[in-house]
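Participant: Below you will find the structure I want to go over with you.
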Amino acid sequence: MDHESLDELSSYGMIDDVQLIVCQYVEPHANIGMWHGDNHLHHTTSVIALQIILIFLLSRITHFLLRPCHQTLLISQIVAGIILGPIFLGRHQIHELLFPIASRMTLATFAEFGMVLNFFKMGVQVNPKLILKIEKEAVAIGIVGYLSSFVLSSVVLNVVDIISPLGPQDAGIHGLVIASAQTAFPVISSFLNEMSILNSEIGRMALSTSMVSDACNWVFYFVIKNVGSALEQKSYKPVLQIVVSFCYFSILFFMLRPLVIWISNRNPKGKPMTQNHFLSIICILLFVGFSAQVAGQPSFLVAFWFGLILPDGPPLGSVLAERIDTVGSALIVPAYCTISGLKTNVPSLAGSKSASIEFIIIAGYIGKFLGTILPSLHFKIESRDSFALSLIMCCKGIIDLNIFNTLLTVKEISEKPFTLTVYTMVVVTGFATLVIYYIYDPSRRYKTYMRRSIKDSLDNFHLKLLVCIHNEENVYPMINLLQASNPTKTTPLSVFVLYLKELSGRATSILTKNKSNNKSCRSKETSSQHITNVFAQFRQHNEGCVKLQCFTSIAPYASMHDDICYMAMDSESNIVIVPFHKQWSINGNVTVSNASIRTLNQKVLSKVPCSVGVYIDRSQIMSGKPLVINNDNSICEIAMIFFGGADDQEALAYSIRIAQHPNVKFTLFWVRVKFKRKQRNKKNPFIDLMEQTRYSTNLKGRVIFKEEIVEDGFGTRQVIRKMEGHFSLVIVGRHHIPDSPCTLGLTEWCELSPELGPVGSFLATSDFTFSVLVVQRQPFNHDFQCVT
């Protein structure tokens with residue numbers, strides 16, 4: 001048979017570290033179906049489709065089973081690959097049926113191609129400028145951690161090699177030692193994101209430290225290793241390789257990077273990237289992968305560096321990350337992890353050398369742990385946090401797995417060290433994940449902080465508010481609420497505005513202070529600048545009465561509450577005001593702006609170290625009375641419903657301040673049951689503030705008191721419905737006196753919006769047109785005892 005026919009019937013490749021010629025069946029006709037005796041598993045397309053489905057389902061099932069152990073998705077995917085590999089499924093004939101040798105090469109090609117896209121996505125999400133802002137503590141911890149891991153594992157390697165020589169097949173285990181000392185920044189970022197501690201104090205330290213460790217690894221790999229090889233071999237070729245690599249990366253930076261940015265800028269501002277522009281960038285990426293192979297560089301590494309030099313975040317970074325991640329996380333990464341699991345070989349672990357290699361691998365982890373925890377303790381980081389940081393730095397991920405596969409492919413290591421490395425990686429990372437989940441709680445530092453409230457600071461007329469903004473629709477309702485809070489020179493306000501944005505196209509969270517710039521061009525303003533400028537106008541309108549600071553937080557919704565809690569603690573705010581997750585249109589229709597905002601509000605209510613107000617804005621409804629405070633003689637009517645309890649007292653304390661505004665007509669509804677004869681002369685601690693307010697000379701003529709006697713929740717609903725059409729804003733506490741007859745029957749509404757309490761949920765779900773502010777005081781125990 002001639003060579004041309006042989007090429008049609010065979011494929012060449014590396015399978016299980018052995019070079020094979022795999023003969024394949026050439027399909028002479030189309031698939032005729034199982035009804036005519038055709039076997040679908042003899043067709044490459046059918047087998048690959050079945051393999052991808054099986055890999056996806058098994059990885060998701062494994063993740064579901066490991067979720068009680070709080071394992072990350074990557075660990076679950078690797079475990080799924082091990083299950084499909086020789087240790088479990090590989091012992092049965094069904095393994096050869098589902099993963100025949102002829103199809104493994106095609107699956108491996110699919111996975112390798114996908115990993116190029118995945119590494120490009122990880123590079124796009126990284127901002128390399130952050131390395132210039134790393135604190136000296138993180139630099140020291142990163143360098144010491146990397147060197148201690150490398151030095152300790154190298155010492156153990158030399159000792160083991162003297163006692164029991166490893167042999168020529170594992171001569172390249174030095175490369176494994178170098179790779180194991182690395183703590184990859186994208187791996188740590190993904191790990192922290194899944195653990196919902198990305199923007200925590202230790203999370204930020206871990207990101208900075210891993211970036212230093214990553215830099216040390218690449219400097220060592222490209223420079224020291226090649227220079228050392230040049231001196232050892234007495235040849236200029238390793239140095240020439242550095243020069244060629246430098247020139248190649250310069251071409252990427254000065255030629256292809258501007259081309260990608262130019263393509264991105266041609267897209268209309270504010271609109272999603274067109275398909276043609278996106279595909280053009282992908283074609284450039286494929287050319288980069290091809291040229292990397294020509295230049296003698298790993299395509300996945302060059303793809304990562306090419307993404308690294310592109311701008312992170314929106315619009316380019318977020319679009320590329322979102323579109324590539326859709327297929328990458330669901331199909332490509334599980335397929336690659338499965339290929340890695342198929343390469344593991346448990347029978348190869350037999351023999352005494354396995355223990356020697358395992359000692360070398362474990363020494364790297366021990367060096368990393370000790371090299372991280374000792375400098376952390378030196379820099380006065382709390383022991384529990386230092387322990388958590390050390391475990392985080394020991395975690396491995398997809399980049400490490402790719403490096404291990406590369407070392408196996410180029411025969412730097414054999415199956416034995418590869419299998420041990422993968423299994424050790426799964427065990428150590430899985431153990432670290434479980435321990436970190438239980439020992440590290442970012443909200444712990446807020447629990448030891450002195451909680452602040454409005455009621456406790458009534459003698460101090462300076463009120464500090466932290467206002468959270470999700471979009472521009474929240475701006476003017478919040479400004480109107482702040483204006484109603486009576487900012488004067490005798491009762492000043494300190495307003496801290498926190499603009500919250502979901503992390504997209506970036507690997508690191510951001511918390512930064514904004515600067516107002518009224519001279520900036522309106523068309524070039526970002527949403528953050530626009531919001532800052534609007535609040536700056538509010539400050540100028542209340543010159544001398546309002547102090548303003550604006551911040552922007554870019555973080556995942558799962559951990560965004562950490563930034564809110566930190567800002568509340570750092571600014572010593574009395575109350576945090578967050579928007580409700582639902583919005584009302586002009587005709588009264590209700591839409592959910594973002595379901596994640598609801599979960600965020602619930603976390604804020606449970607962890608923030610001060611009082612919280614959830615603001616339900618209905619100012620857009622045409623038939624309602626919007627909350628607008630002007631300097632003219634117009635009057636805005638505001639009401640509060642008082643039942644009794646710590647939350648109601650906090651709401652009343654805020655209402656007292658609002659009632660002092662000259663343009664506010666305030667009505668206070670005291671809803672209660674009829675006192676029994678024994679209760680009349682008994683002091684009720686929940687209504688002390690109410691009685692003081694009622695007979696206060698400062699509020700005389702400013703507050704209308706209405707005492708409503710009800711028997712149950714039905715009577716309370718009747719009282720509330722009478723308020724419709726008369727007020728712009730109604731203030732209510734989240735929780736009230738437990739088992740009070742006034743709220744009997746309202747608890748069913750609480751199931752719809754538990755973060756608002758029974759009365760707040762009723763006000764948020766019914767067809768009212770006024771805005772609502774639900775106030776909760778922190779900290780306190782809601783298990784109050786009703787005075788009888």
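Residues are referred to by chain and number: the chain letter is A, B, ... according to the order shown in the structure tokens, the number counts from 1 in that chain, and ligands are numbered separately from 1 in the order shown.
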I'd like the neighbourhood of segment 142-151 of chain A as a list in words, where a residue qualifies if any of its atoms comes within 6 Å (using only C-alpha atoms), though same-chain residues fewer than 4 positions away should be ignored.
Facilitator: Ala138, Ala181, Thr209, Val212, Ser213, Gly364, Gly367, Lys368, Gly371 and Thr372 of chain A
Participant: Take the selection from the previous step and output its residues with N, CA, C and O atoms, as an mmCIF file, in the first residue's frame.
Facilitator:
data_model
loop_
_atom_site.group_PDB
_atom_site.id
_atom_site.type_symbol
_atom_site.label_atom_id
_atom_site.label_comp_id
_atom_site.auth_asym_id
_atom_site.auth_seq_id
_atom_site.Cartn_x
_atom_site.Cartn_y
_atom_site.Cartn_z
ATOM 1 N N ALA A 138 3.168 41.358 50.443
ATOM 2 C CA ALA A 138 2.820 40.334 49.451
ATOM 3 C C ALA A 138 4.031 39.951 48.608
ATOM 4 O O ALA A 138 4.206 38.773 48.250
ATOM 5 N N ALA A 181 6.612 24.520 42.236
ATOM 6 C CA ALA A 181 6.853 25.678 43.102
ATOM 7 C C ALA A 181 5.967 26.858 42.739
ATOM 8 O O ALA A 181 5.817 27.797 43.524
ATOM 9 N N THR A 209 0.014 37.847 46.260
ATOM 10 C CA THR A 209 1.107 36.905 46.498
ATOM 11 C C THR A 209 1.268 35.939 45.330
ATOM 12 O O THR A 209 2.394 35.629 44.906
ATOM 13 N N VAL A 212 3.064 37.536 42.420
ATOM 14 C CA VAL A 212 4.521 37.569 42.615
ATOM 15 C C VAL A 212 5.111 36.187 42.364
ATOM 16 O O VAL A 212 6.156 36.047 41.696
ATOM 17 N N SER A 213 4.467 35.149 42.884
ATOM 18 C CA SER A 213 4.947 33.783 42.668
ATOM 19 C C SER A 213 4.958 33.430 41.190
ATOM 20 O O SER A 213 5.895 32.785 40.691
ATOM 21 N N GLY A 364 7.574 19.863 48.091
ATOM 22 C CA GLY A 364 7.217 21.128 47.453
ATOM 23 C C GLY A 364 6.040 21.797 48.138
ATOM 24 O O GLY A 364 6.036 23.016 48.361
ATOM 25 N N GLY A 367 7.200 23.061 51.592
ATOM 26 C CA GLY A 367 7.980 24.284 51.432
ATOM 27 C C GLY A 367 7.102 25.481 51.129
ATOM 28 O O GLY A 367 7.327 26.582 51.655
ATOM 29 N N LYS A 368 6.110 25.284 50.278
ATOM 30 C CA LYS A 368 5.178 26.379 49.963
ATOM 31 C C LYS A 368 4.398 26.807 51.209
ATOM 32 O O LYS A 368 4.220 28.012 51.455
ATOM 33 N N GLY A 371 6.876 28.457 53.689
ATOM 34 C CA GLY A 371 7.363 29.712 53.125
ATOM 35 C C GLY A 371 6.304 30.787 53.053
ATOM 36 O O GLY A 371 6.630 31.957 52.794
ATOM 37 N N THR A 372 5.054 30.413 53.246
ATOM 38 C CA THR A 372 3.975 31.397 53.259
ATOM 39 C C THR A 372 3.566 31.773 54.677
ATOM 40 O O THR A 372 3.385 32.953 54.996
#
Participant: Residues at most 12 Å from segment 536-540 of chain A, counting only C-alpha atoms, excluding those fewer than 4 positions away in the same chain, as a PyMOL selection string?
Facilitator: chain A and resi 475-476+478-483+487-488+492-497+514-518+529-532+544-550
Participant: Write out as a short mmCIF file (atom, residue, chain, number, x, y, z; two decimals) with all heavy atoms, in the first residue's frame the residues lying within 8 Å of Met393 of chain A, counting only C-alpha atoms and excluding same-chain residues fewer than 5 positions away.
Facilitator:
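What follows is the written file result_29.cif:
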data_model
loop_
_atom_site.label_atom_id
_atom_site.label_comp_id
_atom_site.auth_asym_id
_atom_site.auth_seq_id
_atom_site.Cartn_x
_atom_site.Cartn_y
_atom_site.Cartn_z
N THR A 183 2.66 29.11 42.02
CA THR A 183 1.26 29.29 42.41
C THR A 183 0.66 30.24 41.39
O THR A 183 0.90 31.45 41.43
CB THR A 183 1.13 29.87 43.82
OG1 THR A 183 1.75 28.98 44.76
CG2 THR A 183 -0.34 30.02 44.20
N ILE A 188 -5.52 30.82 41.41
CA ILE A 188 -5.93 31.35 42.72
C ILE A 188 -7.15 32.25 42.57
O ILE A 188 -8.07 32.23 43.39
CB ILE A 188 -4.77 32.11 43.37
CG1 ILE A 188 -3.58 31.17 43.60
CG2 ILE A 188 -5.20 32.74 44.69
CD1 ILE A 188 -3.90 29.98 44.48
N ALA A 206 -3.89 36.96 48.85
CA ALA A 206 -3.55 35.76 48.08
C ALA A 206 -3.36 36.08 46.60
O ALA A 206 -2.46 35.53 45.94
CB ALA A 206 -4.63 34.69 48.26
N SER A 210 0.16 35.45 44.79
CA SER A 210 0.24 34.52 43.66
C SER A 210 0.78 35.20 42.41
O SER A 210 1.47 34.58 41.60
CB SER A 210 -1.14 33.92 43.38
OG SER A 210 -2.06 34.93 42.99
N LYS A 368 6.11 25.28 50.28
CA LYS A 368 5.18 26.38 49.96
C LYS A 368 4.40 26.81 51.21
O LYS A 368 4.22 28.01 51.46
CB LYS A 368 4.22 25.93 48.86
CG LYS A 368 3.14 26.95 48.51
CD LYS A 368 3.73 28.18 47.85
CE LYS A 368 4.23 27.87 46.47
NZ LYS A 368 4.67 29.09 45.74
N PHE A 369 3.94 25.83 52.00
CA PHE A 369 3.16 26.15 53.19
C PHE A 369 4.01 26.90 54.22
O PHE A 369 3.61 27.95 54.73
CB PHE A 369 2.61 24.86 53.81
CG PHE A 369 1.75 25.07 55.02
CD1 PHE A 369 0.40 25.36 54.88
CD2 PHE A 369 2.29 25.00 56.29
CE1 PHE A 369 -0.40 25.57 56.00
CE2 PHE A 369 1.51 25.21 57.41
CZ PHE A 369 0.17 25.48 57.26
N THR A 372 5.05 30.41 53.25
CA THR A 372 3.97 31.40 53.26
C THR A 372 3.57 31.77 54.68
O THR A 372 3.38 32.95 55.00
CB THR A 372 2.74 30.86 52.50
OG1 THR A 372 3.12 30.53 51.16
CG2 THR A 372 1.64 31.90 52.45
#
Participant: Mind checking which residues fall within 9 Å of Ala568 of chain A, counting only C-alpha atoms, ignoring those fewer than 2 positions away in the same chain, and posting them as a list in words?
Facilitator: Leu465, Leu466, Phe496, Asp563, Ile564, Cys565, Tyr566, Asp570, Ser571, Glu572, Ser573, Asn574, Ile575, Val576, Val608, Pro609 and Cys610 of chain A
Participant: Those residues you just picked out, can you put them in a file as a JSON list (two decimals), in the first residue's frame with C-alpha atoms?
Facilitator:
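Output (out_12.json):
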[["chain", "number", "residue", "atom", "x", "y", "z"],
["A", 465, "LEU", "CA", -24.82, 57.04, 55.64],
["A", 466, "LEU", "CA", -23.41, 54.48, 53.20],
["A", 496, "PHE", "CA", -20.45, 57.55, 51.32],
["A", 563, "ASP", "CA", -16.90, 45.39, 50.28],
["A", 564, "ILE", "CA", -20.11, 46.85, 51.70],
["A", 565, "CYS", "CA", -19.27, 45.60, 55.20],
["A", 566, "TYR", "CA", -15.72, 46.89, 54.93],
["A", 570, "ASP", "CA", -14.12, 51.90, 57.70],
["A", 571, "SER", "CA", -16.45, 54.90, 57.32],
["A", 572, "GLU", "CA", -18.11, 54.31, 60.73],
["A", 573, "SER", "CA", -21.52, 54.60, 59.06],
["A", 574, "ASN", "CA", -24.67, 54.63, 61.16],
["A", 575, "ILE", "CA", -26.78, 53.05, 58.44],
["A", 576, "VAL", "CA", -26.33, 51.37, 55.06],
["A", 608, "VAL", "CA", -23.03, 44.48, 58.06],
["A", 609, "PRO", "CA", -21.82, 46.13, 61.33],
["A", 610, "CYS", "CA", -24.46, 48.87, 61.47]]
Participant: Provide the atom CA of Ile261 of chain A to atom CA of Glu322 of chain A distance in Å, to one decimal place.
Facilitator: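 Separating atom CA of Ile261 of chain A from atom CA of Glu322 of chain A is a distance of 17.3 Å.
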Participant: Excluding Pro626 of chain A and its own-chain neighbours fewer than 3 positions away, which residues fall within 10 Å of it when counting only C-alpha atoms? Please give them as a PyMOL selection string.
Facilitator: chain A and resi 477+480+617-623+629+636-637+727-729+769-771
Participant: Using the selection just defined, write its residues with all heavy atoms as a tab-separated table (two decimals), in the first residue's frame.
Facilitator:
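See again_35.tsv below for the written result:
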chain	number	residue	atom	x	y	z
A	477	PRO	N	-33.52	58.55	43.15
A	477	PRO	CA	-34.29	58.18	44.35
A	477	PRO	C	-33.46	58.25	45.63
A	477	PRO	O	-33.95	58.69	46.68
A	477	PRO	CB	-34.73	56.74	44.04
A	477	PRO	CG	-34.78	56.67	42.56
A	477	PRO	CD	-33.66	57.53	42.10
A	480	ASN	N	-32.97	61.91	46.60
A	480	ASN	CA	-34.19	62.45	47.22
A	480	ASN	C	-34.34	61.99	48.66
A	480	ASN	O	-34.78	62.75	49.53
A	480	ASN	CB	-35.41	62.04	46.40
A	480	ASN	CG	-35.47	62.72	45.04
A	480	ASN	OD1	-34.98	63.84	44.88
A	480	ASN	ND2	-36.01	62.03	44.05
A	617	ASP	N	-38.21	51.76	45.84
A	617	ASP	CA	-38.51	53.00	45.13
A	617	ASP	C	-39.68	52.81	44.17
A	617	ASP	O	-39.65	51.94	43.31
A	617	ASP	CB	-37.27	53.46	44.36
A	617	ASP	CG	-37.57	54.67	43.48
A	617	ASP	OD1	-38.24	55.60	43.97
A	617	ASP	OD2	-37.15	54.66	42.30
A	618	ARG	N	-40.71	53.63	44.36
A	618	ARG	CA	-41.87	53.64	43.45
A	618	ARG	C	-42.10	55.03	42.88
A	618	ARG	O	-43.22	55.38	42.49
A	618	ARG	CB	-43.14	53.18	44.19
A	618	ARG	CG	-43.14	51.70	44.61
A	618	ARG	CD	-44.54	51.30	45.01
A	618	ARG	NE	-44.63	49.90	45.39
A	618	ARG	CZ	-44.74	49.47	46.65
A	618	ARG	NH1	-44.74	50.36	47.64
A	618	ARG	NH2	-44.84	48.19	46.92
A	619	SER	N	-41.06	55.83	42.82
A	619	SER	CA	-41.22	57.21	42.35
A	619	SER	C	-41.55	57.28	40.87
A	619	SER	O	-42.00	58.33	40.39
A	619	SER	CB	-39.94	58.00	42.62
A	619	SER	OG	-38.82	57.38	41.98
A	620	GLN	N	-41.34	56.17	40.12
A	620	GLN	CA	-41.63	56.19	38.69
A	620	GLN	C	-43.11	56.03	38.38
A	620	GLN	O	-43.55	56.33	37.26
A	620	GLN	CB	-40.85	55.06	37.99
A	620	GLN	CG	-39.34	55.15	38.15
A	620	GLN	CD	-38.77	56.34	37.42
A	620	GLN	OE1	-39.34	56.83	36.44
A	620	GLN	NE2	-37.63	56.84	37.91
A	621	ILE	N	-43.89	55.54	39.34
A	621	ILE	CA	-45.31	55.30	39.08
A	621	ILE	C	-46.03	56.62	38.87
A	621	ILE	O	-45.93	57.54	39.69
A	621	ILE	CB	-45.95	54.51	40.25
A	621	ILE	CG1	-45.22	53.17	40.43
A	621	ILE	CG2	-47.43	54.29	40.00
A	621	ILE	CD1	-45.76	52.33	41.56
A	622	MET	N	-46.75	56.70	37.77
A	622	MET	CA	-47.40	57.96	37.41
A	622	MET	C	-48.47	58.36	38.41
A	622	MET	O	-48.63	59.54	38.74
A	622	MET	CB	-48.01	57.83	36.00
A	622	MET	CG	-48.66	59.10	35.48
A	622	MET	SD	-49.33	58.90	33.82
A	622	MET	CE	-47.83	58.57	32.91
A	623	SER	N	-49.24	57.39	38.93
A	623	SER	CA	-50.35	57.70	39.82
A	623	SER	C	-49.91	57.96	41.26
A	623	SER	O	-50.74	58.31	42.10
A	623	SER	CB	-51.37	56.55	39.80
A	623	SER	OG	-50.75	55.34	40.21
A	629	ILE	N	-37.97	66.57	47.42
A	629	ILE	CA	-37.81	67.65	48.40
A	629	ILE	C	-37.19	68.84	47.69
A	629	ILE	O	-36.04	68.78	47.24
A	629	ILE	CB	-36.93	67.22	49.58
A	629	ILE	CG1	-37.49	65.95	50.22
A	629	ILE	CG2	-36.83	68.33	50.60
A	629	ILE	CD1	-38.81	66.11	50.89
A	636	CYS	N	-43.80	67.69	51.30
A	636	CYS	CA	-43.76	66.26	51.01
A	636	CYS	C	-44.23	65.50	52.25
A	636	CYS	O	-43.73	65.74	53.36
A	636	CYS	CB	-42.34	65.84	50.64
A	636	CYS	SG	-42.17	64.10	50.19
A	637	GLU	N	-45.20	64.62	52.07
A	637	GLU	CA	-45.79	63.89	53.19
A	637	GLU	C	-45.12	62.52	53.34
A	637	GLU	O	-45.06	61.74	52.40
A	637	GLU	CB	-47.29	63.72	52.99
A	637	GLU	CG	-48.04	65.05	52.95
A	637	GLU	CD	-49.55	64.85	53.07
A	637	GLU	OE1	-49.97	64.09	53.96
A	637	GLU	OE2	-50.28	65.42	52.25
A	727	PHE	N	-49.24	59.60	50.96
A	727	PHE	CA	-47.84	59.75	51.35
A	727	PHE	C	-46.92	59.40	50.19
A	727	PHE	O	-47.26	58.61	49.30
A	727	PHE	CB	-47.52	58.86	52.56
A	727	PHE	CG	-48.37	59.16	53.77
A	727	PHE	CD1	-49.48	58.37	54.06
A	727	PHE	CD2	-48.08	60.24	54.59
A	727	PHE	CE1	-50.27	58.65	55.16
A	727	PHE	CE2	-48.86	60.52	55.69
A	727	PHE	CZ	-49.96	59.73	55.98
A	728	SER	N	-45.72	59.98	50.24
A	728	SER	CA	-44.68	59.68	49.26
A	728	SER	C	-43.75	58.59	49.73
A	728	SER	O	-43.19	57.85	48.93
A	728	SER	CB	-43.86	60.95	48.96
A	728	SER	OG	-44.67	61.98	48.47
A	729	LEU	N	-43.57	58.52	51.06
A	729	LEU	CA	-42.66	57.54	51.63
A	729	LEU	C	-43.23	57.03	52.94
A	729	LEU	O	-43.76	57.82	53.75
A	729	LEU	CB	-41.28	58.17	51.88
A	729	LEU	CG	-40.25	57.33	52.65
A	729	LEU	CD1	-39.82	56.12	51.82
A	729	LEU	CD2	-39.03	58.17	53.02
A	769	THR	N	-48.56	52.73	45.87
A	769	THR	CA	-47.83	53.63	44.97
A	769	THR	C	-46.77	54.44	45.69
A	769	THR	O	-46.01	55.16	45.04
A	769	THR	CB	-48.80	54.59	44.27
A	769	THR	OG1	-49.53	55.33	45.26
A	769	THR	CG2	-49.79	53.82	43.39
A	770	PHE	N	-46.69	54.34	47.01
A	770	PHE	CA	-45.67	55.10	47.74
A	770	PHE	C	-44.40	54.26	47.89
A	770	PHE	O	-44.44	53.03	47.88
A	770	PHE	CB	-46.19	55.55	49.11
A	770	PHE	CG	-46.82	54.46	49.93
A	770	PHE	CD1	-46.06	53.47	50.55
A	770	PHE	CD2	-48.20	54.43	50.10
A	770	PHE	CE1	-46.65	52.47	51.30
A	770	PHE	CE2	-48.80	53.42	50.86
A	770	PHE	CZ	-48.02	52.44	51.46
A	771	SER	N	-43.29	54.93	48.07
A	771	SER	CA	-42.02	54.25	48.31
A	771	SER	C	-41.95	53.79	49.76
A	771	SER	O	-42.67	54.30	50.63
A	771	SER	CB	-40.84	55.19	48.00
A	771	SER	OG	-40.86	55.59	46.65
Participant: As a PyMOL selection string, please: the residues near Ile616 of chain A (cut-off 7 Å, only C-alpha atoms, same-chain neighbours under 4 positions excluded).
Facilitator: chain A and resi 579-580+771-773
Participant: Using only C-alpha atoms, can you tell me which of A:Ser376, A:Ser485, A:Thr109, A:Ser208 comes closest to Glu135 of chain A?
Facilitator: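 Smallest distance to Glu135 of chain A is found for A:Ser208.
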Participant: Kindly give the distance, in Å, that separates atom CA of Ile362 of chain A and atom CA of Val177 of chain A, rounded to a single decimal.
Facilitator: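 Distance between the two atoms: 10.6 Å.
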Participant: For Glu707 of chain A, work out the shell of residues within 7 Å, counting only C-alpha atoms and skipping chain neighbours fewer than 5 positions away, then give it as a PyMOL selection string.
Facilitator: chain A and resi 669-671
Participant: Work out how far atom CA of Thr429 of chain A is from atom CA of Thr72 of chain A, in Å to one decimal.
Facilitator: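 These atoms are spaced 9.1 Å apart.
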